[in-house]
Every structure is written in structure tokens, then in C-alpha cells.
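K.L.:
Coordinates in start21.txt, compact mmCIF, C-alpha atoms, are listed below.
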# COMPACT_ATOMS: atom_id res chain seq x y z
CA MET J 1 19.80 157.89 22.86
CA LYS J 2 18.28 156.22 25.89
CA THR J 3 20.86 154.39 27.95
CA GLY J 4 18.99 153.64 31.15
CA LYS J 5 15.77 154.35 32.96
CA TRP J 6 14.17 154.31 36.38
CA ILE J 7 10.39 154.41 36.50
CA VAL J 8 8.53 155.82 39.51
CA VAL J 9 4.82 155.08 39.79
CA ALA J 10 2.37 156.28 42.43
CA VAL J 11 0.45 153.19 43.51
CA GLY J 12 -1.38 154.60 46.51
CA VAL J 13 -1.33 157.36 49.08
CA GLY J 14 2.22 157.64 50.31
CA ILE J 15 3.37 154.53 48.42
CA VAL J 16 5.89 154.72 45.59
CA LEU J 17 7.12 151.81 43.51
CA MET J 18 10.49 152.03 41.76
CA ILE J 19 11.36 149.75 38.86
CA GLY J 20 14.92 149.72 37.59
CA CYS J 21 15.76 149.00 33.97
CA GLY J 22 19.34 149.81 33.16
CA LYS J 23 21.49 151.14 35.99
CA GLU J 24 24.62 152.35 34.27
CA LYS J 25 25.46 155.32 32.11
CA GLY J 26 27.37 154.89 28.91
CA GLY J 27 31.09 155.58 28.79
CA SER J 28 33.19 156.02 31.94
CA SER J 29 30.75 158.13 33.95
CA GLY J 30 29.88 155.22 36.27
CA LYS J 31 26.69 154.07 37.94
CA ILE J 32 23.62 156.12 38.69
CA ASP J 33 23.55 157.45 42.25
CA GLU J 34 20.18 155.92 43.03
CA GLN J 35 19.94 157.30 46.57
CA ALA J 36 20.56 160.87 45.41
CA MET J 37 18.00 160.41 42.64
CA ILE J 38 15.32 159.42 45.16
CA VAL J 39 15.94 162.64 47.11
CA ASP J 40 15.98 164.72 43.93
CA GLU J 41 12.82 163.17 42.51
CA ILE J 42 10.81 164.15 45.60
CA LEU J 43 11.84 167.76 45.00
CA ILE J 44 11.04 167.52 41.29
CA GLN J 45 7.63 165.94 41.88
CA GLN J 46 6.64 168.67 44.32
CA ALA J 47 7.94 171.35 41.97
CA ALA J 48 6.25 169.80 38.93
CA ASP J 49 2.91 169.75 40.73
CA SER J 50 3.38 173.42 41.56
CA ALA J 51 4.25 174.23 37.93
CA ILE J 52 1.22 172.30 36.64
CA ALA J 53 -1.12 173.99 39.13
CA TRP J 54 0.26 177.41 38.16
CA TYR J 55 -0.07 176.64 34.44
CA SER J 56 -3.58 175.20 34.81
CA SER J 57 -4.75 178.19 36.84
CA GLU J 58 -3.51 180.64 34.21
CA LEU J 59 -5.07 178.64 31.38
CA LYS J 60 -8.43 178.36 33.14
CA ALA J 61 -8.43 182.10 33.88
CA ALA J 62 -7.68 182.85 30.22
CA LEU J 63 -10.50 180.57 29.07
CA GLN J 64 -13.01 182.06 31.49
CA ALA J 65 -12.03 185.61 30.47
CA ALA J 66 -12.40 184.72 26.79
CA ILE J 67 -15.85 183.19 27.35
CA THR J 68 -16.97 186.21 29.37
CA GLU J 69 -15.81 188.55 26.61
CA GLY J 70 -17.07 186.71 23.55
CA GLY J 71 -18.78 183.45 24.46
CA PRO J 72 -17.47 179.86 24.05
CA VAL J 73 -16.40 180.45 20.44
CA ASN J 74 -13.92 183.02 21.74
CA ALA J 75 -12.27 180.37 23.93
CA ILE J 76 -11.14 178.37 20.90
CA GLY J 77 -8.49 180.99 20.23
CA VAL J 78 -7.15 180.58 23.77
CA CYS J 79 -6.33 176.92 23.23
CA ASN J 80 -5.07 177.72 19.73
CA GLU J 81 -2.75 180.59 20.63
CA ILE J 82 -2.64 181.43 24.34
CA ALA J 83 -2.20 177.91 25.81
CA PRO J 84 1.13 177.32 23.98
CA GLU J 85 2.34 180.75 25.12
CA ILE J 86 1.50 179.94 28.75
CA ALA J 87 3.30 176.60 28.45
CA ALA J 88 6.33 178.31 26.91
CA ALA J 89 6.44 180.77 29.81
CA HIS J 90 6.79 177.79 32.16
CA SER J 91 9.51 176.16 30.06
CA ILE J 92 12.52 177.85 31.65
CA GLU J 93 15.77 177.02 33.46
CA GLY J 94 15.93 173.38 32.37
CA TRP J 95 12.16 172.85 32.55
CA TYR J 96 9.86 172.02 29.63
CA LEU J 97 6.07 171.72 30.01
CA GLU J 98 3.47 170.67 27.45
CA ARG J 99 -0.06 169.26 27.14
CA VAL J 100 -0.44 166.27 24.82
CA THR J 101 -3.23 163.88 23.84
CA ASP J 102 -3.98 160.98 21.54
CA LYS J 103 -7.05 162.83 20.20
CA SER J 104 -5.57 166.12 19.19
CA ARG J 105 -7.18 169.28 17.91
CA ASN J 106 -3.86 171.00 17.27
CA ALA J 107 -1.43 168.53 15.66
CA ASN J 108 1.38 170.03 17.76
CA ASN J 109 -0.26 168.49 20.82
CA GLN J 110 -0.29 164.90 19.54
CA VAL J 111 1.42 162.35 21.82
CA ASP J 112 4.61 160.65 20.71
CA SER J 113 5.03 156.89 21.13
CA THR J 114 6.37 157.12 24.69
CA GLN J 115 3.63 159.53 25.77
CA ALA J 116 1.00 157.27 24.19
CA GLU J 117 2.14 154.44 26.46
CA ILE J 118 1.96 156.74 29.49
CA LEU J 119 -1.54 157.89 28.49
CA ALA J 120 -2.69 154.28 28.16
CA ARG J 121 -1.59 153.60 31.75
CA PHE J 122 -3.66 156.52 33.01
CA ALA J 123 -6.65 155.14 31.10
CA VAL J 124 -6.78 151.83 33.01
CA ALA J 125 -9.98 151.82 35.05
CA ASP J 126 -9.66 151.40 38.83
CA SER J 127 -5.86 151.07 38.79
CA ALA J 128 -4.62 154.22 37.09
CA PRO J 129 -1.73 155.89 38.98
CA SER J 130 -2.07 159.48 40.13
CA PHE J 131 1.22 160.32 38.42
CA ILE J 132 4.07 158.65 36.57
CA GLY J 133 7.71 159.72 36.78
CA GLU J 134 10.92 158.37 35.33
CA TRP J 135 14.59 159.18 35.12
CA GLU J 136 16.22 158.91 31.72
CA LEU J 137 19.90 158.99 30.82
CA ILE J 138 20.44 160.63 27.43
CA GLY J 139 24.14 160.40 26.73
CA SER J 140 25.73 162.13 29.72
CA ASP J 141 22.58 164.12 30.55
CA THR J 142 20.03 163.13 33.18
CA VAL J 143 16.39 164.08 32.58
CA TYR J 144 13.35 163.50 34.78
CA HIS J 145 9.98 163.03 33.07
CA PHE J 146 6.84 163.72 35.11
CA TYR J 147 3.28 163.10 33.92
CA ARG J 148 -0.14 163.98 35.32
CA PRO J 149 -3.45 163.08 33.65
CA ILE J 150 -5.80 165.76 32.32
CA ARG J 151 -9.45 165.09 33.10
CA VAL J 152 -12.31 166.87 31.33
CA GLY J 153 -14.08 169.54 33.38
CA ALA J 154 -17.44 171.17 32.76
CA LEU J 155 -15.77 174.23 31.18
CA CYS J 156 -14.11 171.99 28.59
CA LEU J 157 -17.44 170.74 27.22
CA ASN J 158 -18.07 174.08 25.49
CA CYS J 159 -15.51 173.06 22.87
CA HIS J 160 -14.88 169.35 23.54
CA GLY J 161 -18.34 167.92 24.27
CA GLY J 162 -20.43 165.85 21.87
CA LYS J 163 -20.79 167.39 18.41
CA GLU J 164 -24.54 167.59 18.85
CA GLN J 165 -23.98 169.63 22.03
CA LEU J 166 -21.68 172.24 20.52
CA ALA J 167 -23.07 175.65 19.68
CA PRO J 168 -23.24 176.15 15.88
CA ASP J 169 -20.70 178.98 15.89
CA VAL J 170 -18.31 176.87 17.98
CA ALA J 171 -18.64 173.88 15.65
CA ALA J 172 -18.09 176.13 12.62
CA LYS J 173 -14.97 177.74 14.11
CA ILE J 174 -13.47 174.38 15.04
CA ALA J 175 -14.08 173.11 11.50
CA GLU J 176 -12.43 176.24 10.10
CA LEU J 177 -9.32 176.11 12.28
CA TYR J 178 -8.99 172.35 12.70
CA PRO J 179 -10.41 170.37 9.76
CA ASP J 180 -8.81 167.18 11.16
CA ASP J 181 -10.10 167.71 14.70
CA MET J 182 -10.41 164.60 16.89
CA ALA J 183 -11.15 166.36 20.19
CA THR J 184 -14.92 166.17 20.63
CA GLY J 185 -17.24 163.64 22.23
CA TYR J 186 -15.93 163.98 25.78
CA ARG J 187 -17.87 163.90 29.04
CA VAL J 188 -16.93 165.35 32.42
CA GLY J 189 -14.27 163.19 34.05
CA ASP J 190 -12.99 161.62 30.82
CA LEU J 191 -9.25 161.35 30.28
CA ARG J 192 -8.36 164.15 27.85
CA GLY J 193 -4.59 163.80 27.80
CA ILE J 194 -1.54 164.40 29.98
CA VAL J 195 0.61 167.25 31.17
CA ALA J 196 4.21 166.25 30.49
CA VAL J 197 7.03 167.96 32.37
CA ASP J 198 10.66 167.31 31.42
CA VAL J 199 13.38 168.52 33.79
CA ALA J 200 17.08 168.60 32.88
CA TRP J 201 18.94 167.78 36.08
CA SER J 202 20.69 169.38 37.81
CA LYS J 203 20.23 172.47 35.60
CA GLY J 204 16.59 172.62 36.70
CA LYS J 205 17.27 172.38 40.44
CA ALA J 206 17.22 176.12 41.20
CA HIS J 207 13.85 176.53 39.48
CA ALA J 208 12.52 173.45 41.28
CA GLU J 209 13.46 174.94 44.64
CA ALA J 210 11.85 178.26 43.68
CA LEU J 211 8.63 176.48 42.65
CA VAL J 212 8.43 174.57 45.92
CA ALA J 213 9.12 177.75 47.86
CA GLY J 214 6.39 179.59 45.96
CA LYS J 215 8.88 181.99 44.40
CA HIS J 216 8.29 181.11 40.75
What do you get writing this file as C-alpha cells?
P.N.:
Amino acid sequence: MKTGKWIVVAVGVGIVLMIGCGKEKGGSSGKIDEQAMIVDEILIQQAADSAIAWYSSELKAALQAAITEGGPVNAIGVCNEIAPEIAAAHSIEGWYLERVTDKSRNANNQVDSTQAEILARFAVADSAPSFIGEWELIGSDTVYHFYRPIRVGALCLNCHGGKEQLAPDVAAKIAELYPDDMATGYRVGDLRGIVAVDVAWSKGKAHAEALVAGKH
């Protein structure tokens, strides 16, 4: 159950806005150490960016290899099977990483209500933040949520472009695997979804330090 939250929003280069909404934990555990949280969140944000870059690089390499081997239709299997495996490999030591969207192909990647609100904030033209972060108290546990937007790149259009642009074999495979698909009609630069990183603190501190140090 949520008992308190601090929201951290990037509003410009080097500028961070903090909004408090609920400063005390339940029970007798006392107040949040806000100063310590500010120091910790800088570490988490740097580490989360490293984890996302690492994950994205591996996913892009897998997609490119699949296309080279069997064309764009072969890449559909990467998003269907390999992408979750890559995400799971990064979900260790108190860290959990996933890609979610409001227009899912795989139902497992559909946003929940909280993530939908985050996605809507990234969709605001001209004022979208570069990232959103928040602390959440869940009982006696402290969790940091970090979100980065996913923008459509040229490679994505092979499987996520307009239906009239998809190769026939690609369209047929998508229809076979995902009869309820909502993930076409995108253009380069469109908001596709978000990468959501949840970090249990301080269990995830050692991995955060390793990520920042490049020792992941």
C-alpha cells in the first residue's frame, strides 16, 4: 500500500523539481530522511540510465542481427521472446526493468494506471520532461521508480510503421502472433512507450554503484 511519495521531475538541464506528497512512513519508523534520499536518487538516476543504455544496446543488436539473418519478419520474434529475456537479465539485486506502452502488441507490456499517467506526461508537446522519478513507501520498504520515454527510431518502422508500409510477410506474422495488436501507425520520433525501472532501496545500492562504475 502506498503511504507516501516524493516526485522528482527533470524540468531543464541541471534543474530538478521535487514535489512532496506524504512525508511520513506508517507505524513507528519515523520520517523520511529527505536529504539522504536526494543523495541516493542521484546515484539511482545515473545507474538507471546506464541500465537502460545497456538494455537498449543489447535489444538493438538482437534486432539488427535478426533482420540480417532473416529480414524484418525475423525481428518480430526478438520483441516477442528475446526482449523479455534481456529485461529479465537486468532485473537483479533489487532492480526490475520493463518496457511498457498504452498501445501494446504483447499484452504483458501494457501500462498499468500509474504508468499510463507517467506516459501521458511524456506526451505533452514542448514541455515533456526528460525523465520522471519518484520515491514510494510501500509498508516499511522504500522503492524508487525511474521512467524514460521510448521514441520510435527508423529500425522500429519495419514492424511498427503504418499498416500500408509493412511488408506482407511482416503484417501476416503480426496478425498470427498478435491478433489484438495496437502497435502500428508510428512515425520516427513518436512516443512509443516508457522504460520503467523500479529499485528496492537500499537492497539495490550495490548494483547501482556497479552500474555507475561500469562493472555491471
K.L.:
Excluding Thr184 of chain J and any residue of its chain fewer than 5 positions from it, enumerate the residues within 6 Å of it, using all atoms listed in the file, and give them as a short mmCIF file (atom, residue, chain, number, x, y, z; two decimals) with C-alpha atoms, keeping the file's coordinate frame.
P.N.:
data_model
loop_
_atom_site.label_atom_id
_atom_site.label_comp_id
_atom_site.auth_asym_id
_atom_site.auth_seq_id
_atom_site.Cartn_x
_atom_site.Cartn_y
_atom_site.Cartn_z
CA HIS J 160 -14.88 169.35 23.54
CA GLY J 161 -18.34 167.92 24.27
CA GLY J 162 -20.43 165.85 21.87
#
K.L.:
Which residue gives the smallest distance to Ala154 of chain J among J:Ala120, J:Lys60, J:Gly77, J:Asp141, with all atoms listed in the file counted?
P.N.:
J:Lys60
K.L.:
Pick out the residues sitting within 9 Å of Thr142 of chain J, and hand them over as a VMD selection string; count all atoms listed in the file, and ignore anything fewer than 4 positions along from it in its own chain.
P.N.:
chain J and resid 135 to 138 199 to 202
K.L.:
Would you list the contacts of segment 91-106 of chain J as number ranges by chain, taking every protein, DNA or RNA residue within 10 Å and counting only C-alpha atoms, but skipping same-chain residues closer than 5 positions in sequence?
P.N.:
J: 48, 51-52, 55, 79-80, 83-86, 111-113, 115-116, 119-120, 143-150, 160, 174, 177-184, 191-208
K.L.:
Between J:Ala171, J:Ile38, J:Ile82, J:Leu157, which one has atoms that come closest to Ala66 of chain J, using all atoms listed in the file?
P.N.:
J:Ile82
K.L.:
Between atom CA of Asp126 of chain J and atom CA of Arg151 of chain J, what is the distance in Å, rounded to a tenth?
P.N.:
14.8 Å
K.L.:
I need the residue nearest Asn158 of chain J from this list: J:Ala128, J:Arg187, J:Arg121, J:Glu69. Use all atoms listed in the file for the distance.
P.N.:
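So, comparing all the options, the nearest one is J:Arg187.
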K.L.:
Measure the distance from atom CA of Met37 of chain J to atom CA of Glu209 of chain J in Å and round it to one decimal.
P.N.:
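Between these atoms lies a distance of 15.4 Å.
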K.L.:
Pick out the residues sitting within 9 Å of Leu63 of chain J, and hand them over as JSON, numbers by chain; count all atoms listed in the file, and ignore anything fewer than 5 positions along from it in its own chain.
P.N.:
{"J": [58, 68, 72, 74, 75, 76, 78, 79, 155]}
K.L.:
Figure out the distance between atom CA of Ile132 of chain J and atom CA of Ile118 of chain J, please, to one decimal in Å.
P.N.:
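Taking atom CA of Ile118 of chain J and atom CA of Ile132 of chain J, their separation equals 7.6 Å.
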